[in-house]
Amino acid sequence: MSLIESLPKVGNKVRQLTVPKADGLLPWLVPLAIILIWQAASVAGLVSPRVLPAPSDVARAGWKLLWSGELGRNIWVSFWRASIGFLIGGGIGFAFGLANGLSQLSAKLTDTTLQMVRNVPHLALIPLVILWFGIDESAKLFLVALGVFFPVYLNTLHGIRTVDPQLIEMGRVYGMTDSELFRRVIFPGALPSIFVGLRFALGIMWLTLIVAETIAASSGLGYMAMQAREFMQIDVVVLSILIYALLGKVADSASRALERLTLSWHPAFSKH
Amino acid sequence: MQQALRIPVSGVEAIDSSDALAHAGTFRPAKKSSVTPQPAKSETRGLPLVIRDLRKSFGDNEVLRGIDLEIPAGQFVAIVGQSGCGKSTLLRLIAGLDKPTSGTISFGDAAARPEDVRVMFQEPRLLPWARVLANVEVGLGRDRKAEGAHDRARQALEEVGLADKREQWPAVLSGGQKQRVALARALVSGPRLLAFDEPLGALDALTRIAMQRLLERVWADQTFTAILVTHDVSEAVALADRVLVIEEGRIAEDITVDLARPRQRGSAELAALEGSILGQLLGPGGAG
């Protein structure tokens, strides 16, 4: 405190750079401007509604679908698939990351295999997965889980391997047991990297799900978009795309909030 | 000298230094053990240390080539030497961080517990994700969950003059403050032997002097056996009862520093002693 007060010039400069009130709205300025320009261009006839319907038309389509209950049902189905697939794949990836980061034997046994599998694009498995599971729920869950597995696995492993060895030595010198060492030194040290994996995985989660739903599904957002294409309902297609963007943003914000909560010690995440 | 330092300087490190100077110098917090600043050697809680024919090799490279050493309980010993002479290796062996190739290290007291021997590293090695107080509690070892752990940690922080920082993250502390937290962590278990591996090497000159006084004071208060590895000969002669010069893995010189404390920095006796040890370290060519 006294240090900050004794350096008033520096303090003022920092404060001038961030306008606190506008801070929360500022990121939404650009999307809002795009929608306004888009609407204006549609009204002026610059964009054909066959190419891109006006935002107001998209909103109307959304309202109609919301009213009929179709939109809510499809979002819920997609959300459910995404979360279950994420929990399964992320959980297994996290477990393997921990095991291979902590145990040489486990790493020698499984890492090479996992690295080989990693290099197969998981979406390339879609035909095989359809043959295995049909267009059942399990097909989508399998693909999401597989896609989510690798970013979580790789970043957990990386996080654990790069924990400062000096801190680990310190922990041992001060008599920490293995479980204490893990809880107090290794896991917190790996956490920033685990969060990177988490955010990558959230992106891949949506990507995989949408692709899987577009190709083989009878419900969900991807299915809704494909159905709309069949009937030339371009407003519903655009609506689905906008919903993906919003869902992606929600997932990202959730993981950021979690980051701020657990990494408040980190100078890069602490906000005062 | 302290007055002169406190008035003209301002800025981040200097504030820290002067505050530590004030603390390490005349002002002492009300503490039960501050009655006798210069403990009689018979009262010490320190552990004696006996080393017999200690050797350590890394592959073909023999770093320590037969060290024989007896350190009486409560003594402040400084180990100096050129880099690569094996002084840090010796300290790591004493602290139990490495295993010797051959030879023995014993503490002369069968009841010595792991918490009785503590190390302070060159880097603070604080857990960045734990508050200052929690970092100090790490030093309690197995007693961490015992009753009164918080109070002991708080007391140790008070000892190093950082009681008001206990709820801070380490990232906001200055280099000197971090090292003082590390000292509190080393002190909190009430160690009977404390090994310092160049703990002040990375600090600026003013903070360093403040830390030296702090070390001397806690050593006098808590009467542990202190082993300080340093490359700074003036630091060694200012703090230690005895200076060991290590050359090529052996003890080349064992010098008793028989000067009253507190020692006056820059005094003729210290300078002369420092000069003769430097002469020894640099060899006949570099003594000039």
# chains A, B, ... in the order shown; residues from 1 in each chain; ligands from 1

call {"tool": "closest_atom_pairs", "arguments": {"of": "chain A", "to": "chain B", "cutoff": "6 Å", "atoms": "only C-alpha atoms", "output": "CSV"}}
result
residue,atom,partner,partner_atom,distance
A:Leu167,CA,B:Arg125,CA,5.8
A:Tyr174,CA,B:Gly141,CA,5.3
A:Gly175,CA,B:Gly141,CA,5.2
A:Trp265,CA,B:Trp129,CA,5.1

call {"tool": "residues_around", "arguments": {"residues": "Arg183 in chain A", "least_positions_apart": "6", "cutoff": "12 Å", "atoms": "only C-alpha atoms", "output": "list in words"}}
result
Ile160, Ile168, Gly171, Met176, Thr177, Gly189, Ala190 and Leu191 of chain A; Leu127, Trp129 and Ala130 of chain B

call {"tool": "closest_residue", "arguments": {"among": "B:Asp164, B:Asp68, B:Asp221, B:Glu43", "to": "Ile246 in chain B", "atoms": "only C-alpha atoms"}}
result
B:Asp68

call {"tool": "select_by_dssp", "arguments": {"residues": "range 30-273 of chain B", "states": "helix (DSSP H, G or I)", "output": "PyMOL selection string"}}
result
chain B and resi 32-35+41-43+87-94+114-116+132-138+141-145+149-159+163-165+170-172+175-187+205-222+233-239+268-273

call {"tool": "residues_around", "arguments": {"residues": "Met211 in chain B", "least_positions_apart": "3", "cutoff": "10 Å", "atoms": "only C-alpha atoms", "output": "compact mmCIF listing (two decimals) with N, CA and C atoms, in the first residue's frame"}}
result
# COMPACT_ATOMS: atom_id res chain seq x y z
N SER B 17 14.58 -2.33 2.74
CA SER B 17 15.85 -2.48 3.45
C SER B 17 15.86 -1.71 4.76
N ALA B 20 13.83 -3.30 7.32
CA ALA B 20 14.48 -4.47 7.88
C ALA B 20 15.66 -4.08 8.76
N LEU B 21 16.36 -3.02 8.38
CA LEU B 21 17.48 -2.55 9.19
C LEU B 21 17.01 -2.15 10.58
N ALA B 24 16.23 -5.27 12.41
CA ALA B 24 17.36 -6.12 12.77
C ALA B 24 18.29 -5.43 13.77
N VAL B 160 10.82 -12.18 11.76
CA VAL B 160 11.51 -11.61 10.60
C VAL B 160 10.87 -10.27 10.18
N GLY B 176 13.89 -9.24 -1.04
CA GLY B 176 14.33 -9.35 0.35
C GLY B 176 13.23 -9.89 1.25
N GLN B 177 12.01 -9.44 0.98
CA GLN B 177 10.89 -9.92 1.80
C GLN B 177 10.65 -11.41 1.58
N GLN B 179 12.83 -13.59 0.83
CA GLN B 179 13.88 -14.35 1.51
C GLN B 179 13.64 -14.34 3.02
N ARG B 180 13.03 -13.29 3.53
CA ARG B 180 12.71 -13.27 4.96
C ARG B 180 11.58 -14.24 5.27
N LEU B 183 13.18 -17.47 5.46
CA LEU B 183 13.87 -17.60 6.75
C LEU B 183 12.86 -17.98 7.85
N PRO B 199 22.12 -17.76 0.93
CA PRO B 199 20.74 -17.26 0.90
C PRO B 199 20.65 -15.79 0.52
N LEU B 200 21.77 -15.08 0.60
CA LEU B 200 21.71 -13.64 0.34
C LEU B 200 22.33 -13.29 -1.01
N LEU B 203 20.47 -10.88 -3.46
CA LEU B 203 19.89 -9.63 -2.96
C LEU B 203 20.80 -8.44 -3.23
N ALA B 205 22.75 -4.86 -2.26
CA ALA B 205 23.70 -4.65 -1.17
C ALA B 205 23.04 -4.22 0.14
N LEU B 206 22.09 -3.30 0.08
CA LEU B 206 21.47 -2.81 1.31
C LEU B 206 20.61 -3.88 1.98
N THR B 207 19.77 -4.53 1.17
CA THR B 207 18.92 -5.59 1.69
C THR B 207 19.77 -6.69 2.30
N ARG B 208 20.91 -6.90 1.67
CA ARG B 208 21.81 -7.94 2.10
C ARG B 208 22.36 -7.68 3.50
N LEU B 214 19.77 -9.58 10.46
CA LEU B 214 18.63 -10.39 10.88
C LEU B 214 19.09 -11.81 11.20
N LEU B 215 19.91 -12.38 10.33
CA LEU B 215 20.42 -13.73 10.56
C LEU B 215 21.17 -13.81 11.87
N GLU B 216 22.03 -12.81 12.11
CA GLU B 216 22.84 -12.81 13.33
C GLU B 216 21.93 -12.73 14.56
N ARG B 217 20.88 -11.92 14.44
CA ARG B 217 19.99 -11.76 15.59
C ARG B 217 19.21 -13.04 15.88

call {"tool": "residues_around", "arguments": {"residues": "range 120-129 of chain A", "least_positions_apart": "3", "cutoff": "8 Å", "atoms": "only C-alpha atoms", "output": "ChimeraX atom specification"}}
result
/A:116-117,132-134,139,143,146-147,208,212

call {"tool": "write_last_selection", "arguments": {"atoms": "C-alpha atoms", "output": "PDB file, in the first residue's frame"}}
result
ATOM      1  CA  MET A 116       0.207 -42.300 -32.124  1.00  0.00           C
ATOM      2  CA  VAL A 117      -3.559 -42.212 -31.636  1.00  0.00           C
ATOM      3  CA  TRP A 132     -19.965 -49.340 -34.678  1.00  0.00           C
ATOM      4  CA  PHE A 133     -22.646 -47.358 -32.912  1.00  0.00           C
ATOM      5  CA  GLY A 134     -25.093 -46.371 -35.662  1.00  0.00           C
ATOM      6  CA  ALA A 139     -21.586 -42.416 -31.308  1.00  0.00           C
ATOM      7  CA  LEU A 143     -16.431 -38.742 -30.703  1.00  0.00           C
ATOM      8  CA  LEU A 146     -12.083 -38.764 -28.012  1.00  0.00           C
ATOM      9  CA  GLY A 147     -11.682 -35.175 -29.203  1.00  0.00           C
ATOM     10  CA  THR A 208     -16.795 -32.391 -32.736  1.00  0.00           C
ATOM     11  CA  ALA A 212     -21.181 -35.393 -35.561  1.00  0.00           C
TER      12      ALA A 212
END

call {"tool": "residues_around", "arguments": {"residues": "Leu65 in chain A", "least_positions_apart": "6", "cutoff": "9 Å", "atoms": "only C-alpha atoms", "output": "list in words"}}
result
Leu71, Gly72 and Val236 of chain A

call {"tool": "residues_around", "arguments": {"residues": "Phe58 in chain B", "least_positions_apart": "4", "cutoff": "12 Å", "atoms": "only C-alpha atoms", "output": "PDB file with C-alpha atoms, in the first residue's frame"}}
result
ATOM      1  CA  GLU B  62      35.199 -36.383  -7.198  1.00  0.00           C
ATOM      2  CA  VAL B  63      33.781 -33.213  -5.666  1.00  0.00           C
ATOM      3  CA  LEU B  64      34.528 -33.843  -1.999  1.00  0.00           C
ATOM      4  CA  ARG B  65      37.803 -35.615  -1.262  1.00  0.00           C
ATOM      5  CA  GLY B  86      32.339 -28.412  -3.351  1.00  0.00           C
ATOM      6  CA  THR B  89      27.717 -30.111  -2.168  1.00  0.00           C
ATOM      7  CA  ASP B  98      22.096 -35.885  -1.259  1.00  0.00           C
ATOM      8  CA  LYS B  99      23.685 -39.122  -0.075  1.00  0.00           C
ATOM      9  CA  PRO B 100      27.463 -39.241   0.442  1.00  0.00           C
ATOM     10  CA  THR B 101      29.561 -41.641  -1.615  1.00  0.00           C
TER      11      THR B 101
END

call {"tool": "select_by_dssp", "arguments": {"residues": "range 203-252 of chain B", "states": "strand (DSSP E)", "output": "NGL selection string"}}
result
:B and (225-229 or 242-247 or 250-252)

call {"tool": "residues_around", "arguments": {"residues": "Val250 in chain A", "least_positions_apart": "3", "cutoff": "12 Å", "atoms": "only C-alpha atoms", "output": "number ranges by chain"}}
result
A: 79, 199, 202-203, 206, 243-247, 253-257

call {"tool": "atom_distance", "arguments": {"atom1": "CA of Asp23 in chain A", "atom2": "CA of Met205 in chain A"}}
result
29.2 Å

call {"tool": "atom_distance", "arguments": {"atom1": "CA of Ala99 in chain A", "atom2": "CA of Gly85 in chain A"}}
result
21.1 Å

call {"tool": "closest_residue", "arguments": {"among": "A:Glu169, A:Asp252, A:Asp235, A:Glu180", "to": "Leu198 in chain A", "atoms": "only C-alpha atoms"}}
result
A:Asp252
